[in-house]
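**Q** What follows is the file my_file_34.txt, containing compact mmCIF, C-alpha atoms:
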```
# COMPACT_ATOMS: atom_id res chain seq x y z
CA MET A 1 -26.88 6.42 12.25
CA ALA A 2 -24.18 6.23 9.57
CA THR A 3 -22.14 3.10 9.12
CA THR A 4 -18.51 3.20 8.07
CA GLN A 5 -15.84 0.61 7.53
CA GLU A 6 -12.63 0.87 9.52
CA ARG A 7 -9.75 -1.11 8.12
CA MET A 8 -7.10 -2.04 10.63
CA ASN A 9 -3.56 -2.35 9.37
CA VAL A 10 -2.33 -5.91 8.81
CA PRO A 11 1.49 -6.08 8.74
CA ILE A 12 2.74 -7.90 5.62
CA PHE A 13 6.37 -8.92 5.13
CA VAL A 14 7.70 -8.74 1.57
CA SER A 15 10.74 -10.94 0.97
CA SER A 16 12.94 -10.97 -2.14
CA THR A 17 16.32 -10.07 -3.49
CA TYR A 18 16.47 -6.31 -3.93
CA GLU A 19 18.27 -4.69 -6.85
CA ASP A 20 16.92 -7.08 -9.50
CA LEU A 21 13.35 -6.89 -8.21
CA LYS A 22 13.10 -3.27 -7.03
CA ALA A 23 10.45 -2.31 -9.62
CA TYR A 24 8.42 -5.36 -8.57
CA ARG A 25 8.74 -4.52 -4.87
CA ASP A 26 7.59 -0.95 -5.61
CA GLU A 27 4.46 -2.29 -7.33
CA VAL A 28 3.69 -4.69 -4.48
CA GLU A 29 4.22 -1.85 -2.00
CA ARG A 30 1.72 0.27 -3.94
CA SER A 31 -0.83 -2.55 -3.89
CA ILE A 32 -0.45 -3.14 -0.16
CA ILE A 33 -0.69 0.55 0.74
CA TYR A 34 -3.72 0.99 -1.52
CA MET A 35 -5.46 -1.74 0.48
CA ASN A 36 -4.66 0.16 3.69
CA GLN A 37 -2.31 -2.52 4.98
CA THR A 38 1.22 -2.13 6.34
CA ILE A 39 4.24 -3.29 4.35
CA LYS A 40 7.38 -4.53 6.10
CA GLY A 41 10.67 -5.17 4.36
CA MET A 42 14.37 -4.38 4.22
CA GLU A 43 13.95 -0.89 2.76
CA PHE A 44 12.01 0.24 5.85
CA PHE A 45 14.47 -0.86 8.54
CA GLY A 46 16.59 2.31 8.80
CA SER A 47 19.70 2.26 11.01
CA THR A 48 19.77 -0.31 13.81
CA PRO A 49 22.48 -1.91 15.99
CA GLU A 50 21.07 -5.38 15.24
CA ARG A 51 22.50 -7.79 12.70
CA PRO A 52 20.60 -7.46 9.38
CA LEU A 53 19.47 -11.10 9.49
CA ASP A 54 18.28 -10.84 13.11
CA LYS A 55 16.27 -7.72 12.23
CA CYS A 56 14.74 -9.44 9.19
CA LEU A 57 13.66 -12.52 11.13
CA GLN A 58 12.26 -10.46 14.01
CA THR A 59 10.19 -8.44 11.54
CA VAL A 60 8.88 -11.61 9.87
CA ARG A 61 7.66 -12.84 13.27
CA GLU A 62 5.78 -9.56 13.83
CA CYS A 63 3.81 -9.92 10.58
CA LYS A 64 0.50 -11.63 9.79
CA LEU A 65 1.28 -12.45 6.15
CA TYR A 66 4.43 -13.29 4.19
CA ILE A 67 4.89 -12.53 0.50
CA GLY A 68 7.86 -14.16 -1.24
CA ILE A 69 8.94 -12.81 -4.65
CA ILE A 70 11.45 -15.06 -6.40
CA GLY A 71 13.40 -13.86 -9.42
CA MET A 72 16.53 -15.23 -11.08
CA ARG A 73 18.92 -14.60 -8.18
CA TYR A 74 19.31 -16.63 -5.01
CA GLY A 75 20.62 -13.65 -3.05
CA SER A 76 23.04 -12.98 -0.21
CA VAL A 77 23.95 -16.15 1.68
CA GLU A 78 24.23 -16.37 5.46
CA GLU A 79 27.52 -18.05 6.28
CA ASP A 80 26.46 -20.47 9.03
CA SER A 81 23.37 -21.94 7.33
CA GLY A 82 24.47 -21.59 3.70
CA LYS A 83 20.98 -20.27 2.92
CA SER A 84 19.99 -16.92 1.43
CA PHE A 85 18.26 -14.24 3.49
CA THR A 86 15.13 -14.81 1.39
CA GLU A 87 15.05 -18.55 2.17
CA LEU A 88 15.75 -17.94 5.87
CA GLU A 89 12.91 -15.38 6.01
CA TYR A 90 10.63 -17.95 4.38
CA ASP A 91 11.72 -20.58 6.94
CA GLU A 92 10.90 -18.16 9.77
CA ALA A 93 7.41 -17.52 8.37
CA VAL A 94 6.70 -21.25 8.08
CA LYS A 95 8.08 -21.95 11.56
CA ASN A 96 5.75 -19.30 13.02
CA ARG A 97 2.76 -20.55 10.98
CA ILE A 98 2.40 -17.27 9.11
CA PRO A 99 0.34 -17.59 5.88
CA VAL A 100 2.62 -17.58 2.84
CA LEU A 101 2.02 -16.26 -0.69
CA ILE A 102 4.72 -17.14 -3.23
CA TYR A 103 5.33 -15.55 -6.66
CA ILE A 104 8.01 -16.85 -9.04
CA LEU A 105 9.21 -14.94 -12.09
CA ASP A 106 8.34 -16.62 -15.40
CA GLU A 107 11.62 -18.03 -16.74
CA ASN A 108 10.64 -16.98 -20.29
CA HIS A 109 10.31 -13.34 -19.29
CA PRO A 110 13.32 -11.30 -20.49
CA ILE A 111 15.61 -10.04 -17.73
CA ALA A 112 19.08 -8.44 -17.72
CA SER A 113 21.88 -11.03 -17.59
CA ARG A 114 23.44 -9.35 -14.54
CA PHE A 115 20.33 -10.33 -12.61
CA VAL A 116 20.60 -14.03 -13.44
CA ASP A 117 22.62 -16.31 -11.14
CA LYS A 118 24.95 -18.96 -12.52
CA GLY A 119 26.79 -21.84 -10.95
CA GLU A 120 26.16 -22.60 -7.27
CA GLY A 121 23.73 -19.66 -6.87
CA ALA A 122 21.59 -20.96 -9.73
CA GLU A 123 21.58 -24.48 -8.25
CA LYS A 124 20.50 -23.24 -4.83
CA LEU A 125 17.82 -21.07 -6.41
CA GLU A 126 16.42 -24.01 -8.37
CA ALA A 127 16.35 -26.16 -5.25
CA PHE A 128 14.56 -23.40 -3.34
CA LYS A 129 11.96 -22.97 -6.09
CA THR A 130 11.36 -26.72 -6.19
CA ARG A 131 10.86 -26.71 -2.44
CA LEU A 132 8.36 -23.82 -2.68
CA LYS A 133 6.37 -25.48 -5.47
CA LYS A 134 6.04 -28.68 -3.44
CA ALA A 135 4.85 -26.84 -0.33
CA HIS A 136 2.52 -24.22 -1.85
CA VAL A 137 0.37 -23.30 -4.83
CA VAL A 138 2.61 -20.65 -6.38
CA SER A 139 1.89 -17.98 -9.01
CA SER A 140 4.16 -16.99 -11.87
CA PHE A 141 4.49 -13.38 -12.97
CA THR A 142 6.07 -11.34 -15.75
CA THR A 143 5.89 -7.55 -15.43
CA PRO A 144 5.59 -5.47 -12.25
CA ALA A 145 1.99 -4.63 -13.21
CA ASP A 146 1.20 -8.33 -13.63
CA LEU A 147 2.63 -9.08 -10.18
CA GLY A 148 0.75 -6.17 -8.60
CA LYS A 149 -2.61 -7.40 -9.92
CA LYS A 150 -2.01 -10.94 -8.67
CA VAL A 151 -0.86 -9.80 -5.24
CA THR A 152 -3.89 -7.51 -4.89
CA GLN A 153 -6.34 -10.30 -5.74
CA ASP A 154 -4.61 -12.86 -3.54
CA LEU A 155 -4.43 -10.45 -0.61
CA MET A 156 -8.14 -9.73 -0.88
CA ASN A 157 -8.86 -13.46 -0.74
CA GLU A 158 -6.43 -14.10 2.09
CA LEU A 159 -7.70 -11.21 4.22
CA LYS A 160 -11.24 -12.55 3.91
CA LYS A 161 -10.27 -16.18 4.49
CA ASP A 162 -7.97 -15.99 7.49
CA ARG A 163 -10.11 -15.55 10.61
CA ALA A 164 -7.32 -13.98 12.63
CA ILE A 165 -6.94 -11.35 9.95
CA GLU A 166 -10.61 -11.09 9.12
CA ASP A 167 -11.25 -9.94 12.68
CA SER A 168 -9.19 -6.86 11.94
CA LEU A 169 -11.61 -5.77 9.19
CA ARG A 170 -14.74 -4.70 10.96
CA THR A 171 -17.69 -2.44 10.39
CA LEU A 172 -18.19 0.21 13.03
CA PRO A 173 -21.29 2.35 13.57
CA SER A 174 -20.84 6.09 13.71
CA ASP A 175 -23.35 7.67 16.07
CA THR A 176 -22.07 11.17 15.40
CA GLU A 177 -24.91 13.37 14.32
CA GLY A 178 -23.37 14.52 11.07
CA GLY A 179 -22.61 11.01 9.80
CA ASP A 180 -20.05 10.92 7.01
CA TYR A 181 -19.51 14.67 7.16
CA GLU A 182 -18.36 14.37 10.77
CA ILE A 183 -16.05 11.53 9.76
CA LEU A 184 -14.44 13.81 7.16
CA ARG A 185 -14.19 16.61 9.70
CA GLY A 186 -12.66 14.24 12.25
CA PHE A 187 -10.20 12.92 9.67
CA LEU A 188 -8.89 16.42 8.94
CA ARG A 189 -8.15 16.83 12.65
CA ARG A 190 -6.98 13.30 13.48
CA PRO A 191 -6.17 11.38 10.30
CA TYR A 192 -4.68 8.38 12.09
CA LYS A 193 -8.00 7.60 13.80
CA TYR A 194 -10.11 7.81 10.64
CA TYR A 195 -7.57 6.50 8.11
CA GLY A 196 -9.02 4.05 5.57
CA GLN A 197 -12.68 4.80 6.23
CA GLU A 198 -15.00 5.05 3.23
CA ILE A 199 -17.57 7.83 3.10
CA ILE A 200 -20.26 9.15 0.72
CA LEU A 201 -20.80 12.92 0.49
CA ASP A 202 -22.31 15.57 -1.75
CA MET A 203 -19.33 17.72 -2.66
CA LEU A 204 -18.68 20.95 -4.55
CA LEU A 205 -15.73 20.49 -6.90
CA THR A 206 -13.54 23.47 -7.71
CA PRO A 207 -11.01 22.94 -10.51
CA ASN A 208 -7.59 24.34 -9.79
CA GLN A 209 -4.57 24.37 -12.04
CA THR A 210 -2.01 22.03 -10.57
CA SER A 211 1.07 20.26 -11.86
CA SER A 212 1.32 16.48 -11.86
CA VAL A 213 1.17 14.84 -8.43
CA LYS A 214 4.66 14.23 -7.05
CA VAL A 215 6.05 10.71 -7.13
CA ALA A 216 6.57 10.41 -3.36
CA LEU A 217 2.98 11.44 -2.65
CA CYS A 218 1.59 8.89 -5.14
CA LYS A 219 3.66 6.13 -3.53
CA GLY A 220 2.76 7.25 -0.02
CA LEU A 221 -0.94 7.00 -0.87
CA GLY A 222 -0.60 3.75 -2.83
CA LEU A 223 -1.58 5.32 -6.16
CA GLN A 224 -0.17 4.73 -9.63
CA VAL A 225 2.68 7.14 -10.29
CA GLY A 226 1.96 9.28 -13.35
CA ASP A 227 -1.77 8.45 -13.49
CA VAL A 228 -3.24 10.63 -10.71
CA SER A 229 -5.31 13.82 -10.90
CA GLY A 230 -6.54 16.03 -8.09
CA ILE A 231 -9.27 18.59 -7.45
CA ARG A 232 -10.47 20.62 -4.48
CA ALA A 233 -13.68 19.21 -2.96
CA THR A 234 -15.88 20.85 -0.32
CA ALA A 235 -18.68 19.27 1.71
CA LYS A 236 -21.26 21.12 3.82
CA SER A 237 -22.45 20.06 7.26
CA PRO A 238 -26.04 18.71 7.42
CA ASP A 239 -27.27 22.02 8.86
CA GLY A 240 -25.42 24.00 6.19
CA LYS A 241 -23.67 26.19 8.75
CA GLU A 242 -20.12 25.02 8.09
CA SER A 243 -18.06 23.28 5.47
CA SER A 244 -14.87 21.23 5.18
CA SER A 245 -12.54 21.00 2.19
CA ILE A 246 -10.07 18.34 1.13
CA GLN A 247 -8.01 17.56 -1.93
CA LEU A 248 -9.70 14.76 -3.90
CA PHE A 249 -7.37 12.38 -5.77
CA GLY A 250 -8.26 9.78 -8.38
CA GLU A 251 -6.32 7.36 -10.57
CA GLY A 252 -7.23 5.65 -13.84
CA GLU A 253 -10.90 6.15 -14.72
CA MET A 254 -11.44 8.28 -11.62
CA ALA A 255 -8.60 10.57 -12.75
CA ASP A 256 -10.28 10.82 -16.16
CA TRP A 257 -13.49 11.93 -14.46
CA ILE A 258 -11.68 14.54 -12.36
CA ASP A 259 -10.00 15.88 -15.51
CA SER A 260 -13.45 16.28 -17.10
CA VAL A 261 -14.51 18.78 -14.41
CA ARG A 262 -13.69 22.10 -16.09
CA GLU A 263 -15.92 24.38 -13.97
CA PRO A 264 -17.38 24.23 -10.44
CA ARG A 265 -20.07 21.59 -10.02
CA SER A 266 -21.58 19.36 -7.36
CA ALA A 267 -21.60 15.56 -7.30
CA ARG A 268 -22.30 12.71 -4.88
CA LEU A 269 -19.01 10.89 -4.40
CA LYS A 270 -17.72 7.82 -2.61
CA GLY A 271 -14.17 8.06 -1.34
CA ARG A 272 -11.61 6.56 0.99
CA LEU A 273 -9.74 8.72 3.50
CA SER A 274 -5.98 8.40 3.34
CA TYR A 275 -2.88 10.22 4.49
CA CYS A 276 0.88 9.92 4.44
CA VAL A 277 3.91 11.69 5.88
CA LEU A 278 6.77 12.73 3.60
CA LYS A 279 10.19 14.12 4.40
CA GLU A 280 10.85 17.27 2.37
CA ASP A 281 13.57 19.90 2.10
CA THR A 282 12.76 23.18 3.85
CA LYS A 283 14.86 26.31 3.42
CA HIS A 284 16.00 28.14 6.54
CA ASP A 285 18.50 30.89 7.21
CA ASP A 286 21.09 28.27 8.15
CA GLY A 287 20.50 26.20 5.01
CA VAL A 288 18.19 23.37 4.06
CA ILE A 289 16.79 20.85 6.54
CA LEU A 290 14.53 17.83 6.21
CA LYS A 291 11.10 18.17 7.81
CA ASP A 292 8.07 15.89 8.02
CA PHE A 293 4.96 17.05 6.14
CA MET A 294 1.58 15.36 6.43
CA TYR A 295 -0.78 15.11 3.44
CA THR A 296 -4.47 14.27 3.94
CA ARG A 297 -6.44 13.19 0.88
CA MET A 298 -9.74 11.60 -0.12
CA ILE A 299 -9.26 8.91 -2.78
CA LEU A 300 -12.17 8.84 -5.24
CA LEU A 301 -13.72 5.37 -5.51
CA ASP A 302 -16.99 6.05 -7.33
CA VAL A 303 -19.11 8.85 -8.77
CA ILE A 304 -22.58 7.97 -7.47
CA GLU A 305 -24.41 10.95 -8.97
CA ASP A 306 -22.85 13.50 -11.28
CA SER A 307 -23.91 17.16 -11.61
CA LEU A 308 -26.23 17.52 -8.62
CA PRO A 309 -28.60 20.51 -8.69
CA GLU A 310 -27.28 23.51 -6.75
```
I'd like the structure from this file rewritten - as structure tokens, please.
**A**
Amino acid sequence: MATTQERMNVPIFVSSTYEDLKAYRDEVERSIIYMNQTIKGMEFFGSTPERPLDKCLQTVRECKLYIGIIGMRYGSVEEDSGKSFTELEYDEAVKNRIPVLIYILDENHPIASRFVDKGEGAEKLEAFKTRLKKAHVVSSFTTPADLGKKVTQDLMNELKKDRAIEDSLRTLPSDTEGGDYEILRGFLRRPYKYYGQEIILDMLLTPNQTSSVKVALCKGLGLQVGDVSGIRATAKSPDGKESSSIQLFGEGEMADWIDSVREPRSARLKGRLSYCVLKEDTKHDDGVILKDFMYTRMILLDVIEDSLPE
């Protein structure tokens, strides 16, 4: 019997001002997706008849974790309360007893002057930061990469610590006869069911000349844009009568290893199954329309044994 880990999605609300912290939000989004969790925030709302604030607060209530990213701007203020959307979202998380992680930009880190509040906005921001520091242990950050690392580590700790969330990370037995091969095969048919599971397989790697992986696909899979390589990987069923192929992606050191494969070879690999759906332009007789395309990938986590005998 093979054992595999199924990671259930934990909804996480990311709260901040937007334009000044967009690069930081992108990095946090990448970290959350890479950990197979679900990110919620203003950029994912789409069109809705609700008031923006009402939609924000409703989404906060639906989440299991709240991440607050505080820069040098207080943000848009709601007229009745005199508070910013960010502070009101924080209030909603606290009111609903949702665990809170707070990150405040290091004041010595250089930032464009247009993204620094003055006057009343600066005073309200300072009061809000003081309030946060009194209520929580907060982390300071500098670059987007620095923030991403801290969020990843803190999320790992929080997901393990919080029992309500910990229950959503469980190990499930797979009594299918083919073990991890059948999980891969099932994933290619029904990716939603098998998403996030980690498997170990002996795979034949076939180098293929490809251009760099597109930005939207990297983001959709939670991988570092500009640091991803891919290769075709094929696994055989235990009885050797059939095979299944998937595109294997790696980033960082795993991308370096993939790049080193210059000719077909076999290796024992550990990977995580992931997929995303992207909207892409498709040409038709009547012009160009947007269509949804699904991409299934195995993310390389470890090379257990390189160059297996054929």
**Q** Show which residues sit within 8 Å of stretch 194-211 of chain A, as a PyMOL selection string. Count all atoms listed in the file, and ignore same-chain residues fewer than 5 positions away.
**A** chain A and resi 4-7+36+180-181+183-184+186-187+230-236+261-275
**Q** With only C-alpha atoms counted, which protein, DNA or RNA residues have an atom no more than 9 Å from (6.9, 2.3, -1.6) in the file frame? Please answer as a PyMOL selection string.
**A** chain A and resi 25-30+33+39+43+216+219-220+222
**Q** Okay, now the selection with C-alpha atoms, as a short mmCIF file (atom, residue, chain, number, x, y, z; two decimals), in the frame of the given file?
**A**
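This is the output file part02.cif:
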```cif
data_model
loop_
_atom_site.label_atom_id
_atom_site.label_comp_id
_atom_site.auth_asym_id
_atom_site.auth_seq_id
_atom_site.Cartn_x
_atom_site.Cartn_y
_atom_site.Cartn_z
CA ARG A 25 8.74 -4.52 -4.87
CA ASP A 26 7.59 -0.95 -5.61
CA GLU A 27 4.46 -2.29 -7.33
CA VAL A 28 3.69 -4.69 -4.48
CA GLU A 29 4.22 -1.85 -2.00
CA ARG A 30 1.72 0.27 -3.94
CA ILE A 33 -0.69 0.55 0.74
CA ILE A 39 4.24 -3.29 4.35
CA GLU A 43 13.95 -0.89 2.76
CA ALA A 216 6.57 10.41 -3.36
CA LYS A 219 3.66 6.13 -3.53
CA GLY A 220 2.76 7.25 -0.02
CA GLY A 222 -0.60 3.75 -2.83
#
```
**Q** Using only C-alpha atoms, which protein or nucleic acid residues come within 9 Å of A:Glu280? Drop anything in the same chain fewer than 4 positions from it, and give the result as a ChimeraX atom specification.
**A** /A:289-293
**Q** Grab the atom CA of A:Gln224 to atom CA of A:Val277 distance for me, in Å with one decimal place.
**A** 17.5 Å
**Q** Tell me which of A:Ile69, A:Ile246, A:Val116, A:Leu125 sits closest to A:Tyr24, counting only C-alpha atoms.
**A** A:Ile69
**Q** Give me, as a list in words, all polymer residues having an atom no more than 9 Å from A:Arg61, counting all atoms listed in the file and skipping those fewer than 3 positions away in the same chain.
**A** Cys56, Leu57, Gln58, Lys64, Glu92, Ala93, Asn96 and Ile98 of chain A
